[in-house]
Amino acid sequence: MAAVETDRDAPSALCSEFLNFSAKDTAAKWLQVSNLPKEVYQHLACYVPKIYCLGPNLNPQNEDLLAPLLLQSPLEWYLCGEEPSVGLAKLEQNNQPSQLCGHVFKVGEPTYSCRECAADPTCVLCMQCFLGSVHKEHRYRMTTSGGGGFCDCGDTEAWKKGPYCQKHEPNISDSSQKDPLANLSDEMIARTYNVFSIILKYAVDMLTWEKEDELPEGLEPPARGDTYYCMLFNDEVHTYEQVIYTLQKAVNCTQKEAVSFATTVDRDGRKSVRFGDFQFCEQAKSVIVRNTSRQTKPLRVQVMHSSVVAHQCFALKALTWLGQIIRYSDALRRILCQVGLQRGPEGENSSLVDTLMLCDSKMWKGARNVYHQLFMSSLLMDTKYKKLFAIQFAKARMLITEENLMTTIIRTFMDHLRHRDLHGHFQFERYTAQQAFKFRRVQSLIGDLKYVLISRPTEWTDQLREKYLEGFSAFLELLKCMQGMDPVVRQVGQHIEMEPEWEAAFTLQMKLTHIISMMQEWCSSDERVLIEAYKKCLSALTHCHSGFTDGEQPITLSMCGHSVDTIRYCVSQEKVSIHLPLSRLLAGLHALLSKTEVAYRFPELLPLSELSPPMLIEHPLRCLVLCAQVHAGMWRRNGFSLVNQIYYYHNVKCRVEMFDKDLSMLQAGASMMDPNHFLMIMLSRFELYHIFSSADCRKRYNRENANKDVVQQNNTLIEEMLHLVIMIVGERYTAGVGQVECFDEIRREIVHQLCIRPMAHSELVKALPENENKETGMERVIDSVALFKKPGVTGKGLYKLRPESAKMFNLYFHHYSRADQSKAEEAQRKIKRQNGEDSVLPPPVLPRFCPLFASLVNILQCDVLLGILGAVLQWAMEPSGGHWSESMLQRVLHLIGMGLVEEQQHLLSSAEDNDTNFNFTLKISRPGEAPANTPSILALLETLQNAPHLEVHKDMIRWILKTVANIKTTRECTASAPPSDSSGHSQEETVRDKDKAERKRKAEMARLRREKIMAQMSEMQRHFINENKELFQQSLEELDPSTSSTLEHSPSSCDSTLFCVGPRRWRAGGSDRRQVVTCILCQEEQEIRIDGKAMVLAAFVQRSTVMSKNRKRPPHNPDKYDPLFMHPDLSFGTHTGSCGHIMHSHCWQRYFEAVQAKEQRRQQRLRVHTSYDVENGEFLCPLCECLSNTVIPLLPLTKTSCSSEQPDLSQWLNITSLQMKALLSAHRKAKAADADGVDDMDGVNDCPPPDGFKLDYTPKNPYSSTIKEMLTTFGTATYKVGLKVHPNEQDPRVPIMCWGSCAYTIQSIERLLVDEEKPLFGSLPCRQDDCLSSLTRFGSACWTVSSHATVQNHFIRLLAALVPDPRVENTPCILDIDMFHLLVSLVLSHPAVFSLDSSGLSADTAQLHFLHLVTVAHIVQILLSSVPEEVQMEQESGGAEREEEEKVCMFYNTLRTHLGSGLREVDSGWHLWCCVKAGILPYLRAAALFFHYLNGAPAPPELHTLGVGEWEALCGYLCLPSNLLQLFYNNRELMEPLLHGWCSHPGVLQGLQSSVALIRFPRESNHLIELPGDYSALINQASSFTCPKSGGDKSRAPTLCLVCGAMLCSQSYCCQSELEGVDVGACTAHTFACGAGVGIFLRVRESQVLFLAGKTKGCFYAPPYLDDYGETDQGLRRGNPLHLCQERYRKIQKLWRQHSITEEIGHAQEANQTLVGIDWQHL
Ligand SMILES: [Zn+2]
Ligand SMILES: [Zn+2]
Ligand SMILES: [Zn+2]
Ligand SMILES: [Zn+2]
Ligand SMILES: [Zn+2]
Ligand SMILES: [Zn+2]
Ligand SMILES: [Zn+2]
């Protein structure tokens, strides 16, 4: 490691030079020389290699110390001409701060854009400017920066309104645009100029330098050593894993080092991976190249001489230095701009700025970042140069005129897509990743083009017109190559062998969609441009299809007395393409001619005579026929690529410039043709002409009975054809086609979406096309058609259609899919029925066509259409034999309806213009012509009205007939009377009609009332269920047969006072104890008996830190940890939960074995994870699929009796201590005997046991073998999970963990009840009730399956904590014990000792004495730790509890006599008593729960409600005096020594004096951290968060722990660490310390909550942030402002407090299998 030595030597070697060096002298010398650049270069050539790159690590600290002194300082001296600190301060005084904010965004920083005022969506504000701007009141959009952009505040061109925030508002007094250089002396300017040009040139030279072993002229080092770097560069091709693997091989480094190298390469763009002589580096290079060349392309590696690298390092520093210097003065900034933009010797594009930009893509990322930063702080901060720079960087219209940029971009674009087929169409290779890579370049060109087009000109100059049209021509060339690309041919016989490539073409189309729309918008803003563009487009199209009739046979079609010439062409047999951008562009321009009225004002300028309507419609028609044939199933053999193309053709992303325009083109063409001709051509292309042209077409069922499939196919085609006619006549919401504004179009889209169902804001946005600014225009119209309904705790806010808007509903809306259509139809009919209206859905009244398209209405009344309609109606006379379909008939009726509505509209407007040659009623009243004497359409309808097989269409037929009648009367009326009253027709009912109407009305009213009542009732029911969801859930659980019949809940009537503990406690009668349950697996009933078959509850045991008061405590060492005493910080606990489902133990075992076997088979086949880990004992409850990992056995209540005479506390304590002594000596004897086999009695006193205490007695285990087995199973599981160890049923800690889990679970439920403000008893769901009672009873039985001596020993140690015993070691002081855990452990371990006693003592007595002792100890603990420092509360007057206050005061003073100055003086008894009462309450509540479940005593009614009286009721129930201090004073002689013992434990004084705060009581419930109301505050916080491991780098996925508030660098190699031998991400690692394996995080960039459990489980959860539309924005895609929803956050908090996170993950993973495959541990 020679390199290391050099590294160490370097500073000392330089030391002497450093001492001799004077920056001032050097600068003075420079002032004298004639060739300054040469002199400075010499200086750099000498010093740079001596300072930089002397060792394997680039940029060690000494470089950063030496460079300013030796390199920067002389430059500053020279520049200032004096001491730099003085000179720079002077400059700063004259500095004029820029009006531009120019704040450079960090990665992930929030940026804001105003949807109303931003010139384009790239204009953004930083958070500070935004908050001080007018836009925060506007509709804004929030995004996170990808890093590198800058704030546009102060740029008047970026904002239509409010360009300045408060901070950057220009000061009017000095707004005179002064030249910043005016304040500087000429010499100063000259010197600055010199320094800046030399240094900038140096930096640019070095950063763009490509030689590896040479330096630019003048920089050659005086001495060259053989020192090289092997430099690895970033590329976009290789993955992280490949790089890491290769490096390990090539440079012999560890995996960790390789990860670190790869991380740096990824971040900075390059990293030296080896330092040494040339050969050494070359060798590494060749290994790397060899190892990666097998993949696509070798990694880029260079062996570079250290001096080259050194100069590059300094070049970066120099740029940073320039950026810092210009911050002192706007004058210096101006000079730097001049230097940078000055044209170099090579002429155009040779300034230093140009050079950098041209080399941008060749530079490594680190270099690029530094120079971008400099640009942003110089060029973009200077108002004058910002504009100049903008030209360089590409912006705005002038680019089109001055630089002809549009044409250039399009040409470049064309060059990139070089592959063409024979016809000159684009041809794409298979759309692979490689292709996508290439496309990225093309994409950025499209981006440039968008940029150029984004702001439409308000004024056109001749030059702009010329250049724009030139660009337009180039664009037409591009579209020509796309017109007809990727043609398809129908596959017959067999399926296509390989799906043809289609994605590339569609990607291109999608990318160009906005460009095409923008081009049209430009055209529409200038009449001359529009006319010229139209001509160009038409000629391009004509050129494309010049040979349109070539090779295709001309034919003549005739029908209904009309005939037309066309060609023979079958879509089903020849080539057809979906890509027709030229036709579609022309369609768009054609509509614009109409919209701008250019068509009427300058008809002479337009080539209208050249238009050939049949040519215009031909290709769009073929495309639509293709879609129809695909629907009809004719193209099934062409595979999915075609299906996908058809899908995208109609999709919201493409349809604006595809489907919609084809429809427009048909409308344009048809409007210029005879409608009969148009329809015949259409029939011919649909390949339906033969059906309708024959004379007896009305007898289709006779003629055509060949192939059922063909008939079916033709039926669909007829339906599609009719639909197309409906659309051609009925789609008038395109401005220019119909007389509408663009808002009308959006409004109609929204109405039709909401006709399907109420929708959320985001759903609507998705259904509407976005413009290039990602705006749909929805906001301006939504409120006029819809009402907003806010969301509840779940779900989203919804928009509901206003009832009056429903009249716009058109069943054949062109953007409906068939599924949408049927959903909308159903929904609309239902609403109409609910409103008591006729459910018929007639066609809506439509806006009028623009004059250019006006003739389209004639399609409705032309002979060919009437012929078609008549034929279908005739077919429908027969019950369907497959020759007509319901949809076909429905469409025909709709078309007839359209004709009638049209006629009505014409009649209404005929008052103004008397042009009513539209007489549809007349036409349908005439008998058919083709076969003479066929009935008229009207006659057919009248017949059909009564056809029984047409029940569903009856309402429509009736509507038609009624409307016909109305029209006839109107016509008669207008014919006879002058057209005076237009509303007259409504009063035209005859007397007969009136009668009928009246009867109908009454019937209708009755029906309406009935329906209303029904609706109300069902609404009420629904409402009730919603309101009482929880209740319902609960009652369902209660009905569940598996849950136990809990008889012991009913308080027995004979007892007035209820005690849950002690000799006088409530006892269950014999019959009360009987408990019968049903197994969910075999459905058999089973009584729970000591000696019966074991019944078990599915349970989930998990480690928990939910109640932890000390998250800093490191996890225990599982092998050594002694869990006997729980610390009061509750830092780690074991929680047990259950879904409450009961099984036979043998049924469960069989089930679990089956699950195991299945899992093994599955894993052998494919390595998949499941939501549960079988190897860890996990399974899903067979009934409710709740995650479980063990089972709890159910046990009956133990029979107890109690003799009347029981010892008091002191007697009992005496007896007990004698028992302990005897037991202890017996244990020691046994141990000693075990140790050396010799009966060595020294030191062990032989204590005789008291009467009736049999040391050698081994009690008989009362349980059946299956119960014993289950006791062991659950105990071992608790031990295994709780300590994270391997199962070992012999371990002495097994029973301790069981008691601990019992205590911890009760405590956590007690907290939950407080937090939820529920009463202590009666509010728990059954499953928790069952879980707690079985857990407690299990606790009291688990000693039977452990070593008795072990449990006895535990008991001795536990008791010693209360009754100090010098023979017991390592007893903690009472400050370090959680008293509830102590109580539970004492009570549950006592049976092991008690079983030896036959003296007639009662276990109940012992329990009561334990409770008393622990309670006193807890009071002491509270007084020692929790008396507040300062008394904030005012003492309440009155003092109702005077006695308690006096006693507690005395007691406190007794404590002070023991502890002296360790305890503060407090003389307010009231405060002390308050403190004790508040502190001890959680303990008392938990104790009440514990004894309730242990002894089965029902709780008094006061504890079933919230409110006053809780204290008394609790004390009563627990058999405690309500003045708890009596426990002390009633047994003073006994208690005094105990008190003394506790206080004299050395730990007490230590604890009181320690700087670490003691745990205070009551322990407050833990909350999830507070979150800010505004989401952007979080984004901002996260953006300043840097990765803790990679030196100040921005983290890519900053993730917030919601439990402790830690911010983590997630999902990144840099912060991976090793956990139990596996590499895990920062989140997983954090969960193990913070949440014992369970974690709740907020992924800030994604706005997503993340739940993690263990290393393999996780799921995403909806974040608690909503936008104004009541929706979350996972992934922050929409950018609407987000605000915290407290209810949703509380819901997450509740999940956490209930220990339900793991369960939630399980359910999410079961519901969504893709979640299972995610590598959660890497997050
Ligand atoms: Zn700003
Ligand atoms: Zn600002
Ligand atoms: Zn605004
Ligand atoms: Zn069973
Ligand atoms: Zn269950
Ligand atoms: Zn945390
Ligand atoms: Zn990191």
# chains A, B, ... in the order shown; residues from 1 in each chain; ligands from 1
>>> residues_around(residues="A:Asn1712", least_positions_apart="4", cutoff="12 Å", atoms="only C-alpha atoms", output="JSON list (two decimals) with all heavy atoms, in the first residue's frame")
[["chain", "number", "residue", "atom", "x", "y", "z"],
["A", 1170, "THR", "N", -45.66, -16.47, 0.56],
["A", 1170, "THR", "CA", -47.08, -16.30, 0.82],
["A", 1170, "THR", "C", -47.20, -15.20, 1.85],
["A", 1170, "THR", "O", -46.22, -14.69, 2.36],
["A", 1170, "THR", "CB", -47.69, -17.59, 1.38],
["A", 1170, "THR", "OG1", -46.81, -18.08, 2.37],
["A", 1170, "THR", "CG2", -47.88, -18.61, 0.29],
["A", 1171, "SER", "N", -48.44, -14.84, 2.15],
["A", 1171, "SER", "CA", -48.61, -13.78, 3.13],
["A", 1171, "SER", "C", -48.28, -14.29, 4.52],
["A", 1171, "SER", "O", -48.16, -13.54, 5.45],
["A", 1171, "SER", "CB", -50.06, -13.28, 3.09],
["A", 1171, "SER", "OG", -50.91, -14.31, 3.54],
["A", 1658, "GLY", "N", -45.03, -6.73, 3.96],
["A", 1658, "GLY", "CA", -45.29, -5.30, 3.87],
["A", 1658, "GLY", "C", -46.47, -5.04, 2.99],
["A", 1658, "GLY", "O", -46.93, -5.92, 2.26],
["A", 1659, "CYS", "N", -47.00, -3.84, 3.10],
["A", 1659, "CYS", "CA", -48.02, -3.41, 2.17],
["A", 1659, "CYS", "C", -48.07, -1.90, 2.17],
["A", 1659, "CYS", "O", -47.52, -1.26, 3.06],
["A", 1659, "CYS", "CB", -49.39, -4.00, 2.52],
["A", 1659, "CYS", "SG", -50.18, -3.26, 3.95],
["A", 1660, "PHE", "N", -48.67, -1.37, 1.13],
["A", 1660, "PHE", "CA", -48.87, 0.08, 1.09],
["A", 1660, "PHE", "C", -50.28, 0.38, 1.58],
["A", 1660, "PHE", "O", -51.19, -0.42, 1.42],
["A", 1660, "PHE", "CB", -48.67, 0.61, -0.33],
["A", 1660, "PHE", "CG", -47.28, 0.40, -0.82],
["A", 1660, "PHE", "CD1", -47.01, -0.46, -1.87],
["A", 1660, "PHE", "CD2", -46.22, 1.05, -0.21],
["A", 1660, "PHE", "CE1", -45.72, -0.67, -2.31],
["A", 1660, "PHE", "CE2", -44.92, 0.85, -0.63],
["A", 1660, "PHE", "CZ", -44.67, -0.02, -1.69],
["A", 1705, "ILE", "N", -51.44, -6.12, 7.02],
["A", 1705, "ILE", "CA", -50.56, -6.52, 5.93],
["A", 1705, "ILE", "C", -51.01, -7.86, 5.37],
["A", 1705, "ILE", "O", -51.10, -8.04, 4.15],
["A", 1705, "ILE", "CB", -49.09, -6.62, 6.40],
["A", 1705, "ILE", "CG1", -48.59, -5.25, 6.82],
["A", 1705, "ILE", "CG2", -48.20, -7.20, 5.31],
["A", 1705, "ILE", "CD1", -47.22, -5.28, 7.48],
["A", 1706, "GLY", "N", -51.33, -8.79, 6.28],
["A", 1706, "GLY", "CA", -51.77, -10.12, 5.85],
["A", 1706, "GLY", "C", -52.99, -10.03, 4.95],
["A", 1706, "GLY", "O", -53.04, -10.63, 3.88],
["A", 1707, "HIS", "N", -53.97, -9.23, 5.37],
["A", 1707, "HIS", "CA", -55.18, -9.11, 4.57],
["A", 1707, "HIS", "C", -54.88, -8.48, 3.21],
["A", 1707, "HIS", "O", -55.38, -8.91, 2.18],
["A", 1707, "HIS", "CB", -56.22, -8.27, 5.31],
["A", 1707, "HIS", "CG", -56.86, -9.00, 6.45],
["A", 1707, "HIS", "ND1", -57.32, -10.29, 6.33],
["A", 1707, "HIS", "CD2", -57.10, -8.64, 7.74],
["A", 1707, "HIS", "CE1", -57.82, -10.69, 7.50],
["A", 1707, "HIS", "NE2", -57.68, -9.70, 8.37],
["A", 1708, "ALA", "N", -54.02, -7.43, 3.23],
["A", 1708, "ALA", "CA", -53.68, -6.77, 1.96],
["A", 1708, "ALA", "C", -52.99, -7.74, 1.02],
["A", 1708, "ALA", "O", -53.26, -7.76, -0.17],
["A", 1708, "ALA", "CB", -52.79, -5.56, 2.23],
["A", 1716, "VAL", "N", -47.05, -9.79, -2.49],
["A", 1716, "VAL", "CA", -46.24, -10.84, -1.89],
["A", 1716, "VAL", "C", -44.85, -10.89, -2.52],
["A", 1716, "VAL", "O", -43.87, -11.15, -1.85],
["A", 1716, "VAL", "CB", -46.97, -12.20, -2.04],
["A", 1716, "VAL", "CG1", -46.12, -13.32, -1.49],
["A", 1716, "VAL", "CG2", -48.30, -12.16, -1.33],
["A", 1717, "GLY", "N", -44.79, -10.57, -3.81],
["A", 1717, "GLY", "CA", -43.52, -10.70, -4.52],
["A", 1717, "GLY", "C", -42.54, -9.57, -4.27],
["A", 1717, "GLY", "O", -41.38, -9.66, -4.65],
["A", 1718, "ILE", "N", -42.97, -8.49, -3.66],
["A", 1718, "ILE", "CA", -42.08, -7.34, -3.46],
["A", 1718, "ILE", "C", -41.02, -7.66, -2.41],
["A", 1718, "ILE", "O", -41.32, -8.30, -1.39],
["A", 1718, "ILE", "CB", -42.90, -6.10, -3.04],
["A", 1718, "ILE", "CG1", -43.86, -5.72, -4.16],
["A", 1718, "ILE", "CG2", -41.99, -4.93, -2.68],
["A", 1718, "ILE", "CD1", -44.76, -4.56, -3.83]]
>>> closest_atom_pairs(of="chain A", to="ligand 3", cutoff="8 Å", atoms="only C-alpha atoms and all ligand atoms", output="Markdown table")
| residue | atom | partner | partner_atom_place_in_ligand_line | distance |
| --- | --- | --- | --- | --- |
| A:Ser113 | CA | ligand 3 | 1 (Zn) | 8.0 |
| A:Cys114 | CA | ligand 3 | 1 (Zn) | 4.6 |
| A:Arg115 | CA | ligand 3 | 1 (Zn) | 6.6 |
| A:Glu116 | CA | ligand 3 | 1 (Zn) | 5.0 |
| A:Cys117 | CA | ligand 3 | 1 (Zn) | 4.2 |
| A:Ala118 | CA | ligand 3 | 1 (Zn) | 6.8 |
| A:Val134 | CA | ligand 3 | 1 (Zn) | 6.2 |
| A:His135 | CA | ligand 3 | 1 (Zn) | 3.8 |
| A:Lys136 | CA | ligand 3 | 1 (Zn) | 7.2 |
| A:Glu137 | CA | ligand 3 | 1 (Zn) | 7.4 |
| A:His138 | CA | ligand 3 | 1 (Zn) | 5.0 |
| A:Arg139 | CA | ligand 3 | 1 (Zn) | 6.9 |
| A:Tyr140 | CA | ligand 3 | 1 (Zn) | 7.1 |
| A:Trp159 | CA | ligand 3 | 1 (Zn) | 8.0 |
| A:Lys161 | CA | ligand 3 | 1 (Zn) | 6.4 |
| A:Gly162 | CA | ligand 3 | 1 (Zn) | 6.8 |
>>> residues_near_ligand(ligand="ligand 2", cutoff="10 Å", atoms="only C-alpha atoms and all ligand atoms", output="mmCIF file with N, CA, C and O atoms, in the first residue's frame")
data_model
loop_
_atom_site.group_PDB
_atom_site.id
_atom_site.type_symbol
_atom_site.label_atom_id
_atom_site.label_comp_id
_atom_site.auth_asym_id
_atom_site.auth_seq_id
_atom_site.Cartn_x
_atom_site.Cartn_y
_atom_site.Cartn_z
ATOM 1 N N GLN A 99 -33.527 40.760 -9.043
ATOM 2 C CA GLN A 99 -34.966 40.632 -8.854
ATOM 3 C C GLN A 99 -35.435 39.228 -9.151
ATOM 4 O O GLN A 99 -36.586 38.892 -8.971
ATOM 5 N N LEU A 100 -34.536 38.440 -9.674
ATOM 6 C CA LEU A 100 -34.909 37.058 -9.954
ATOM 7 C C LEU A 100 -34.538 36.217 -8.746
ATOM 8 O O LEU A 100 -33.489 36.396 -8.160
ATOM 9 N N CYS A 101 -35.429 35.328 -8.383
ATOM 10 C CA CYS A 101 -35.110 34.487 -7.230
ATOM 11 C C CYS A 101 -34.028 33.493 -7.609
ATOM 12 O O CYS A 101 -32.982 33.440 -6.999
ATOM 13 N N GLY A 102 -34.259 32.709 -8.646
ATOM 14 C CA GLY A 102 -33.220 31.819 -9.146
ATOM 15 C C GLY A 102 -32.816 30.711 -8.186
ATOM 16 O O GLY A 102 -31.813 30.041 -8.396
ATOM 17 N N HIS A 103 -33.590 30.513 -7.150
ATOM 18 C CA HIS A 103 -33.277 29.439 -6.205
ATOM 19 C C HIS A 103 -33.180 28.103 -6.949
ATOM 20 O O HIS A 103 -34.068 27.741 -7.700
ATOM 21 N N LEU A 125 -42.259 27.988 -8.984
ATOM 22 C CA LEU A 125 -41.789 28.810 -7.874
ATOM 23 C C LEU A 125 -41.254 27.906 -6.776
ATOM 24 O O LEU A 125 -41.700 26.771 -6.626
ATOM 25 N N CYS A 126 -40.308 28.454 -6.005
ATOM 26 C CA CYS A 126 -39.870 27.727 -4.830
ATOM 27 C C CYS A 126 -40.915 27.938 -3.738
ATOM 28 O O CYS A 126 -41.770 28.810 -3.845
ATOM 29 N N MET A 127 -40.801 27.155 -2.689
ATOM 30 C CA MET A 127 -41.835 27.208 -1.652
ATOM 31 C C MET A 127 -41.935 28.596 -1.030
ATOM 32 O O MET A 127 -43.027 29.124 -0.831
ATOM 33 N N GLN A 128 -40.781 29.207 -0.748
ATOM 34 C CA GLN A 128 -40.801 30.517 -0.103
ATOM 35 C C GLN A 128 -41.472 31.554 -0.976
ATOM 36 O O GLN A 128 -42.300 32.339 -0.519
ATOM 37 N N CYS A 129 -41.098 31.591 -2.242
ATOM 38 C CA CYS A 129 -41.692 32.567 -3.153
ATOM 39 C C CYS A 129 -43.178 32.284 -3.319
ATOM 40 O O CYS A 129 -43.994 33.195 -3.348
ATOM 41 N N PHE A 130 -43.503 31.014 -3.411
ATOM 42 C CA PHE A 130 -44.914 30.656 -3.600
ATOM 43 C C PHE A 130 -45.765 31.166 -2.444
ATOM 44 O O PHE A 130 -46.818 31.763 -2.648
ATOM 45 N N LEU A 131 -45.270 30.955 -1.232
ATOM 46 C CA LEU A 131 -46.061 31.362 -0.064
ATOM 47 C C LEU A 131 -46.241 32.880 -0.021
ATOM 48 O O LEU A 131 -47.211 33.379 0.527
ATOM 49 N N GLY A 132 -45.285 33.615 -0.627
ATOM 50 C CA GLY A 132 -45.415 35.069 -0.654
ATOM 51 C C GLY A 132 -46.016 35.585 -1.948
ATOM 52 O O GLY A 132 -45.879 36.766 -2.263
ATOM 53 N N SER A 133 -46.641 34.705 -2.724
ATOM 54 C CA SER A 133 -47.149 35.143 -4.024
ATOM 55 C C SER A 133 -48.673 35.137 -4.041
ATOM 56 O O SER A 133 -49.315 34.627 -3.128
ATOM 57 N N CYS A 151 -36.086 28.547 -9.531
ATOM 58 C CA CYS A 151 -37.329 29.286 -9.288
ATOM 59 C C CYS A 151 -37.454 30.429 -10.289
ATOM 60 O O CYS A 151 -36.508 31.169 -10.523
ATOM 61 N N ASP A 152 -38.635 30.572 -10.880
ATOM 62 C CA ASP A 152 -38.861 31.600 -11.890
ATOM 63 C C ASP A 152 -39.441 32.885 -11.322
ATOM 64 O O ASP A 152 -39.913 33.734 -12.069
ATOM 65 N N CYS A 153 -39.410 33.010 -10.007
ATOM 66 C CA CYS A 153 -39.987 34.218 -9.418
ATOM 67 C C CYS A 153 -39.231 35.444 -9.930
ATOM 68 O O CYS A 153 -37.999 35.456 -9.959
ATOM 69 N N GLY A 154 -39.965 36.441 -10.319
ATOM 70 C CA GLY A 154 -39.351 37.668 -10.798
ATOM 71 C C GLY A 154 -39.188 37.724 -12.305
ATOM 72 O O GLY A 154 -38.876 38.777 -12.860
ATOM 73 N N ASP A 155 -39.421 36.623 -12.991
ATOM 74 C CA ASP A 155 -39.309 36.618 -14.449
ATOM 75 C C ASP A 155 -40.671 36.981 -15.042
ATOM 76 O O ASP A 155 -41.603 36.189 -15.009
ATOM 77 N N PRO A 163 -45.860 38.147 -11.239
ATOM 78 C CA PRO A 163 -44.542 37.530 -11.443
ATOM 79 C C PRO A 163 -43.627 37.628 -10.216
ATOM 80 O O PRO A 163 -42.662 36.889 -10.138
ATOM 81 N N TYR A 164 -43.946 38.536 -9.294
ATOM 82 C CA TYR A 164 -43.057 38.693 -8.142
ATOM 83 C C TYR A 164 -43.730 38.225 -6.868
ATOM 84 O O TYR A 164 -44.922 38.443 -6.680
ATOM 85 N N CYS A 165 -42.950 37.624 -5.996
ATOM 86 C CA CYS A 165 -43.462 37.386 -4.655
ATOM 87 C C CYS A 165 -43.160 38.629 -3.834
ATOM 88 O O CYS A 165 -42.506 39.558 -4.314
ATOM 89 N N GLN A 166 -43.614 38.646 -2.586
ATOM 90 C CA GLN A 166 -43.376 39.833 -1.753
ATOM 91 C C GLN A 166 -41.891 40.150 -1.642
ATOM 92 O O GLN A 166 -41.490 41.309 -1.692
ATOM 93 N N LYS A 167 -41.094 39.099 -1.529
ATOM 94 C CA LYS A 167 -39.666 39.324 -1.298
ATOM 95 C C LYS A 167 -38.975 39.881 -2.542
ATOM 96 O O LYS A 167 -38.064 40.698 -2.449
ATOM 97 N N HIS A 168 -39.409 39.433 -3.714
ATOM 98 C CA HIS A 168 -38.718 39.852 -4.931
ATOM 99 C C HIS A 168 -39.413 40.978 -5.676
ATOM 100 O O HIS A 168 -39.065 41.284 -6.807
ATOM 101 N N GLU A 169 -40.407 41.573 -5.053
ATOM 102 C CA GLU A 169 -41.087 42.728 -5.636
ATOM 103 C C GLU A 169 -40.049 43.834 -5.862
ATOM 104 O O GLU A 169 -39.318 44.195 -4.953
#
>>> closest_atom_pairs(of="chain A", to="ligand 5", cutoff="10 Å", atoms="only C-alpha atoms and all ligand atoms", output="Markdown table")
| residue | atom | partner | partner_atom_place_in_ligand_line | distance |
| --- | --- | --- | --- | --- |
| A:Ser1042 | CA | ligand 5 | 1 (Zn) | 9.5 |
| A:Ile1080 | CA | ligand 5 | 1 (Zn) | 9.1 |
| A:Leu1097 | CA | ligand 5 | 1 (Zn) | 8.5 |
| A:Ala1098 | CA | ligand 5 | 1 (Zn) | 6.6 |
| A:Ala1099 | CA | ligand 5 | 1 (Zn) | 8.7 |
| A:Ser1138 | CA | ligand 5 | 1 (Zn) | 7.5 |
| A:Cys1139 | CA | ligand 5 | 1 (Zn) | 4.4 |
| A:Gly1140 | CA | ligand 5 | 1 (Zn) | 6.0 |
| A:His1141 | CA | ligand 5 | 1 (Zn) | 4.6 |
| A:Ile1142 | CA | ligand 5 | 1 (Zn) | 8.0 |
| A:Met1143 | CA | ligand 5 | 1 (Zn) | 10.0 |
| A:Leu1180 | CA | ligand 5 | 1 (Zn) | 7.8 |
| A:Cys1181 | CA | ligand 5 | 1 (Zn) | 4.6 |
| A:Pro1182 | CA | ligand 5 | 1 (Zn) | 6.5 |
| A:Leu1183 | CA | ligand 5 | 1 (Zn) | 5.0 |
| A:Cys1184 | CA | ligand 5 | 1 (Zn) | 4.2 |
| A:Glu1185 | CA | ligand 5 | 1 (Zn) | 6.1 |
| A:Cys1186 | CA | ligand 5 | 1 (Zn) | 5.4 |
| A:Leu1187 | CA | ligand 5 | 1 (Zn) | 8.4 |
| A:Ser1188 | CA | ligand 5 | 1 (Zn) | 8.5 |
| A:Arg1327 | CA | ligand 5 | 1 (Zn) | 9.1 |
>>> closest_residue(among="A:Lys50, A:Arg1311, A:Lys365, A:His1144", to="ligand 4", atoms="only C-alpha atoms and all ligand atoms")
A:His1144
>>> select_by_dssp(residues="stretch 614-830 of chain A", states="alpha helix (DSSP H)", output="PyMOL selection string")
chain A and resi 614-631+639-650+659-671+675-685+689-693+700-703+708-730+742-756+761-767+779-785+818-830
